[in-house]
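**Q** You'll find coords.cif just under this line, and it carries mmCIF, C-alpha atoms and all ligand atoms.
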data_work
#
loop_
_atom_site.label_atom_id
_atom_site.label_comp_id
_atom_site.auth_asym_id
_atom_site.auth_seq_id
_atom_site.Cartn_x
_atom_site.Cartn_y
_atom_site.Cartn_z
CA MET A 231 132.32 103.13 148.96
CA LEU A 232 129.45 105.06 150.44
CA LEU A 233 129.06 107.22 147.37
CA ALA A 234 129.10 104.23 145.04
CA GLY A 235 126.47 102.58 147.21
CA ALA A 236 124.31 105.69 147.06
CA VAL A 237 124.54 105.82 143.27
CA VAL A 238 123.57 102.17 142.93
CA TYR A 239 120.61 102.76 145.24
CA ALA A 240 119.51 105.84 143.30
CA LEU A 241 119.70 103.99 140.01
CA ALA A 242 117.86 101.01 141.42
CA TRP A 243 115.16 103.04 143.09
CA PRO A 244 112.85 103.83 140.15
CA ARG A 245 112.46 100.13 139.46
CA TYR A 246 111.83 99.24 143.08
CA ARG A 247 108.29 98.07 143.85
CA PRO A 248 107.37 97.26 147.42
CA ALA A 249 105.51 93.96 147.72
CA SER A 250 102.86 95.65 149.80
CA ILE A 251 102.05 98.45 152.18
CA GLU A 252 101.80 97.03 155.69
CA ALA A 253 99.18 98.44 158.04
CA GLY A 254 99.23 97.30 161.68
CA PHE A 255 95.92 97.45 163.53
CA TRP A 256 95.26 96.28 167.07
CA PHE A 257 93.01 96.70 170.11
CA GLU A 258 94.39 97.90 173.44
CA PRO A 259 91.89 96.75 176.09
CA PRO A 260 90.45 97.00 178.64
CA PHE A 261 87.43 98.92 177.33
CA ALA A 262 84.71 100.20 179.61
CA PHE A 263 81.37 100.98 178.01
CA GLU A 264 77.92 101.48 179.46
CA SER A 265 74.72 102.27 177.67
CA ASN A 266 71.03 102.01 178.45
CA ARG A 267 70.43 101.03 174.83
CA LEU A 268 72.79 98.07 175.16
CA GLY A 269 71.77 97.01 178.67
CA ALA A 270 74.32 94.68 180.31
CA PRO A 271 78.00 95.59 179.81
CA LEU A 272 79.87 94.16 176.81
CA THR A 273 81.31 90.70 177.48
CA ALA A 274 84.85 89.63 176.55
CA SER A 275 83.44 87.52 173.73
CA GLU A 276 81.45 90.47 172.36
CA ILE A 277 84.61 92.60 172.39
CA ALA A 278 86.36 89.81 170.46
CA THR A 279 83.47 89.92 167.95
CA ILE A 280 83.83 93.71 167.66
CA GLU A 281 87.53 93.29 166.86
CA ALA A 282 86.81 90.58 164.27
CA VAL A 283 84.11 92.71 162.57
CA ALA A 284 86.43 95.77 162.54
CA ARG A 285 89.28 93.77 161.00
CA ARG A 286 86.91 92.33 158.38
CA GLU A 287 85.70 95.86 157.46
CA LEU A 288 89.29 97.01 157.10
CA ARG A 289 90.31 94.04 154.93
CA ALA A 290 87.21 94.39 152.73
CA ALA A 291 87.80 98.13 152.20
CA PHE A 292 91.40 97.68 151.03
CA ASP A 293 90.71 94.47 149.10
CA GLY A 294 92.18 94.81 145.60
CA LEU A 295 95.10 96.97 146.78
CA PRO A 296 98.52 95.63 147.85
CA ILE A 297 97.84 96.71 151.43
CA GLU A 298 98.39 94.02 154.03
CA ILE A 299 96.47 94.34 157.28
CA SER A 300 98.29 92.80 160.24
CA ASP A 301 98.48 93.42 163.96
CA ARG A 302 102.19 94.24 163.86
CA HIS A 303 103.17 97.19 166.04
CA ASP A 304 106.27 97.85 163.89
CA ALA A 305 104.31 98.18 160.63
CA ARG A 306 104.91 101.31 158.56
CA TYR A 307 101.37 102.51 159.24
CA THR A 308 99.77 101.77 162.59
CA LEU A 309 96.46 102.33 164.35
CA ARG A 310 95.57 101.27 167.86
CA VAL A 311 92.04 101.14 169.22
CA VAL A 312 92.00 102.71 172.68
CA GLN A 313 89.29 103.65 175.17
CA ALA A 314 89.15 107.32 174.11
CA VAL A 315 90.93 109.73 171.78
CA ARG A 316 91.19 113.42 172.56
CA ASP A 317 91.20 116.05 169.86
CA LEU A 318 94.61 117.64 170.35
CA ARG A 319 93.49 120.84 168.62
CA PHE A 320 91.50 121.78 171.72
CA LYS A 321 92.69 122.48 175.25
CA ARG A 322 89.44 121.23 176.76
CA PRO A 323 88.76 117.50 176.44
CA VAL A 324 86.92 116.92 173.15
CA GLY A 325 86.47 113.29 172.09
CA VAL A 326 86.96 112.28 168.47
CA ALA A 327 86.49 109.05 166.53
CA GLY A 328 90.11 108.85 165.45
CA GLN A 329 93.29 110.78 164.90
CA SER A 330 96.37 110.14 162.78
CA ARG A 331 99.73 111.55 161.89
CA GLY A 332 101.13 110.75 158.48
CA ILE A 333 104.50 111.76 157.15
CA ALA A 334 104.81 111.53 153.36
CA ALA A 335 107.10 108.68 152.28
CA PHE A 336 107.79 107.57 155.88
CA GLY A 337 104.63 106.22 157.42
CA GLY A 338 102.08 107.13 160.01
CA SER A 339 100.45 106.29 163.28
CA GLY A 340 97.21 107.03 165.02
CA SER A 341 94.45 105.93 167.31
CA VAL A 342 90.76 105.09 167.15
CA SER A 343 88.31 105.67 170.00
CA PHE A 344 86.35 102.67 171.24
CA ASP A 345 84.18 104.98 173.36
CA PHE A 346 83.23 107.38 170.56
CA LEU A 347 82.26 104.60 168.15
CA ALA A 348 80.42 102.47 170.73
CA ASN A 349 78.34 105.53 171.62
CA GLY A 350 77.76 106.32 167.94
CA ALA A 351 76.59 102.77 167.24
CA MET A 352 73.97 103.20 170.00
CA ALA A 353 72.92 106.71 168.93
CA TRP A 354 72.36 105.78 165.25
CA ALA A 355 70.82 102.36 165.89
CA PRO A 356 67.47 101.54 164.26
CA ASP A 357 64.74 101.12 166.89
CA ASP A 358 64.46 97.39 166.28
CA ALA A 359 68.21 96.61 166.41
CA ASP A 360 68.93 93.74 168.80
CA ARG A 361 72.07 93.28 170.89
CA THR A 362 73.86 91.23 168.19
CA GLU A 363 73.29 94.03 165.67
CA LEU A 364 74.45 96.69 168.13
CA VAL A 365 77.68 94.78 168.82
CA ALA A 366 78.35 94.34 165.08
CA ALA A 367 77.67 98.06 164.52
CA ILE A 368 80.39 98.99 167.04
CA GLY A 369 82.80 96.80 165.05
CA ARG A 370 81.76 98.40 161.75
CA GLY A 371 82.14 101.90 163.24
CA ILE A 372 85.65 101.11 164.46
CA GLY A 373 86.65 99.37 161.21
CA ARG A 374 85.34 102.20 158.99
CA THR A 375 87.08 104.79 161.14
CA ALA A 376 90.29 102.75 160.80
CA VAL A 377 89.89 102.77 156.99
CA HIS A 378 89.51 106.58 157.09
CA GLU A 379 92.53 107.05 159.37
CA PHE A 380 94.80 104.69 157.40
CA THR A 381 93.81 106.61 154.26
CA HIS A 382 94.98 109.85 155.92
CA GLN A 383 98.26 108.17 156.85
CA ILE A 384 98.91 106.62 153.44
CA LEU A 385 97.85 109.82 151.58
CA PRO A 386 98.91 112.53 154.09
CA THR A 387 98.45 115.42 151.66
CA ALA A 388 95.28 114.25 149.87
CA PRO A 389 92.17 116.36 150.61
CA ILE A 390 89.99 113.34 151.35
CA HIS A 391 87.55 115.43 153.40
CA ASP A 392 86.48 117.09 150.15
CA SER A 393 84.12 114.15 149.65
CA ARG A 394 80.47 115.19 149.98
CA ASP A 395 79.31 111.57 149.90
CA ASP A 396 78.20 110.68 153.42
CA GLN A 397 78.32 106.96 152.61
CA SER A 398 82.01 107.11 151.72
CA TYR A 399 85.08 106.23 153.78
CA GLU A 400 86.54 109.66 153.02
CA TYR A 401 83.65 111.74 154.44
CA ALA A 402 84.94 114.07 157.16
CA SER A 403 82.58 113.18 160.00
CA ALA A 404 81.84 109.98 161.91
CA ALA A 405 78.58 111.56 163.17
CA ARG A 406 76.42 109.85 160.54
CA ARG A 407 74.34 106.71 160.27
CA ALA A 408 76.49 105.13 157.52
CA GLN A 409 79.48 105.01 159.86
CA TYR A 410 77.68 102.11 161.60
CA TYR A 411 74.72 100.87 159.53
CA GLY A 412 74.27 99.99 155.87
CA PRO A 413 76.93 99.83 153.16
CA MET A 414 79.96 102.07 152.68
CA HIS A 415 82.07 102.70 149.58
CA TRP A 416 85.05 104.64 148.29
CA ASP A 417 84.81 108.07 146.73
CA LEU A 418 87.83 110.11 145.61
CA ALA A 419 90.68 108.30 147.44
CA TRP A 420 90.51 104.94 145.65
CA PRO A 421 92.49 105.94 142.50
CA LEU A 422 94.97 107.81 144.71
CA LEU A 423 95.50 104.68 146.83
CA GLN A 424 95.92 102.58 143.69
CA HIS A 425 98.54 105.02 142.40
CA LYS A 426 100.35 105.16 145.76
CA ALA A 427 100.38 101.39 146.11
CA THR A 428 101.99 100.84 142.71
CA HIS A 429 104.53 103.72 142.67
ZN ZN A 501 89.65 112.66 158.45
#
Using structure tokens, write down the structure from this file.

**A**
Amino acid sequence: MLLAGAVVYALAWPRYRPASIEAGFWFEPPFAFESNRLGAPLTASEIATIEAVARRELRAAFDGLPIEISDRHDARYTLRVVQAVRDLRFKRPVGVAGQSRGIAAFGGSGSVSFDFLANGAMAWAPDDADRTELVAAIGRGIGRTAVHEFTHQILPTAPIHDSRDDQSYEYASAARRAQYYGPMHWDLAWPLLQHKATH
């Protein structure tokens, strides 16, 4: 019985097409953030705006691929936004924008640092940016980091850091203006994501 079942599954497998890749993304407050550039602390409604902007960035980046962005914690690929993320490669505390683990064919999980990206949005802000723009930039920074981390998870063996385009999602560092301000686009990972999503 078991063997017959296995054979049927093996024969059926090459024709199997998943409806979509599900990516769960959610915020885990509370978040504490202080900055002279921002002035008064972020309000609850501004944090809700940051989450909405981040989710919009994520949806826009994967638009055109069968990748469904939800807030489900049991999705195959997950990312949670937390206060801070430590780089586990170092013994001393080193903050990073995000970190992920991806296991080919199984899924992945990771985290994105609210603190790192809120600070980055302040550091790279144009001189004339007002509070509304600063808040939106935090959301963009978080959303674009989430795009980068989900790409690592979905393509765990792809060398996405090979991109030299510092306005691309794949670029290795979040220490750049385009992480927060101006447009961002795909470089080398897009055809790989298309292939992955349809095979
Ligand atoms: Zn990376």

**Q** Considering only C-alpha atoms, state which residue in the set A:Ala290, A:Ala270, A:Ala348, A:Ala353 is at the smallest distance from Ile368 in chain A.

**A** A:Ala348

**Q** For Gly369 in chain A, which residue out of A:Ala351, A:Ala402, A:Leu318, A:Ile251 is the nearest one, using only C-alpha atoms?

**A**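 Checking each of A:Ala351, A:Ala402, A:Leu318, A:Ile251 against Gly369 in chain A, counting only C-alpha atoms, the winner is A:Ala351.
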
**Q** Would you pick out the contacts of Leu295 in chain A at 8 Å or less, using all atoms listed in the file, so that residues sharing its chain but fewer than 6 positions from it are not included, and give the list as a PyMOL selection string?

**A** chain A and resi 423-424+427

**Q** Can I get the residues close to ligand ZN 501 (chain A) as number ranges by chain, where close means within 7 Å and we count only C-alpha atoms and all ligand atoms?

**A** A: 378-379, 382, 391, 400, 402

**Q** What gap, in Å, lies between CA of Asp317 in chain A and CA of Gly340 in chain A?

**A**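 Atom-to-atom, CA of Asp317 in chain A and CA of Gly340 in chain A are spaced 11.9 Å apart.
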
**Q** Ala408 in chain A: which residues within 9 Å, counting all atoms listed in the file, same-chain residues fewer than 2 positions away excluded, as a list in words?

**A**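 Surrounding residues, per the criterion: Trp354, Gly371, Asp396, Gln397, Ser398, Ala404, Ala405, Arg406, Tyr410, Tyr411, Gly412, Pro413 and Met414 of chain A.
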
**Q** Do you know which residues are at most 12 Å from range 418-420 of chain A counting only C-alpha atoms, after dropping those on the same chain fewer than 3 positions away, and could you put them as a ChimeraX atom specification?

**A** /A:291-295,377-378,380-382,384-395,398-401,415,423-427

**Q** Quick one: everything within 9 Å of Leu268 in chain A, counting only C-alpha atoms, minus sequence neighbours fewer than 3 positions away in the same chain. Send it as an NGL selection string.

**A** :A and (264-265 or 271-272 or 352 or 360-361 or 364-365)

**Q** Kindly give the distance, in Å, that separates CA of Ser300 in chain A and CA of Val283 in chain A, rounded to a single decimal.

**A**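 Computing it gives 14.4 Å between the two atoms.
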
**Q** Quick one: distance from CA of Arg322 in chain A to CA of Trp256 in chain A in Å, one decimal?

**A**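 CA of Trp256 in chain A lies at a distance of 27.4 Å from CA of Arg322 in chain A.
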
**Q** From (89.0, 100.0, 165.7), in the file's coordinates, out to 6 Å: which residues are reached, counting all atoms listed in the file? Answer as a PDB file with C-alpha atoms, in the coordinates of the input.

**A**
ATOM      1  CA  ALA A 284      86.430  95.770 162.540  1.00  0.00           C
ATOM      2  CA  VAL A 311      92.040 101.140 169.220  1.00  0.00           C
ATOM      3  CA  VAL A 342      90.760 105.090 167.150  1.00  0.00           C
ATOM      4  CA  ILE A 372      85.650 101.110 164.460  1.00  0.00           C
ATOM      5  CA  GLY A 373      86.650  99.370 161.210  1.00  0.00           C
ATOM      6  CA  ALA A 376      90.290 102.750 160.800  1.00  0.00           C
TER       7      ALA A 376
END

**Q** Skip Ser250 in chain A itself and residues of its chain fewer than 6 positions away, then list as a ChimeraX atom specification all residues within 10 Å of it, counting only C-alpha atoms.

**A** /A:295-299,427-428
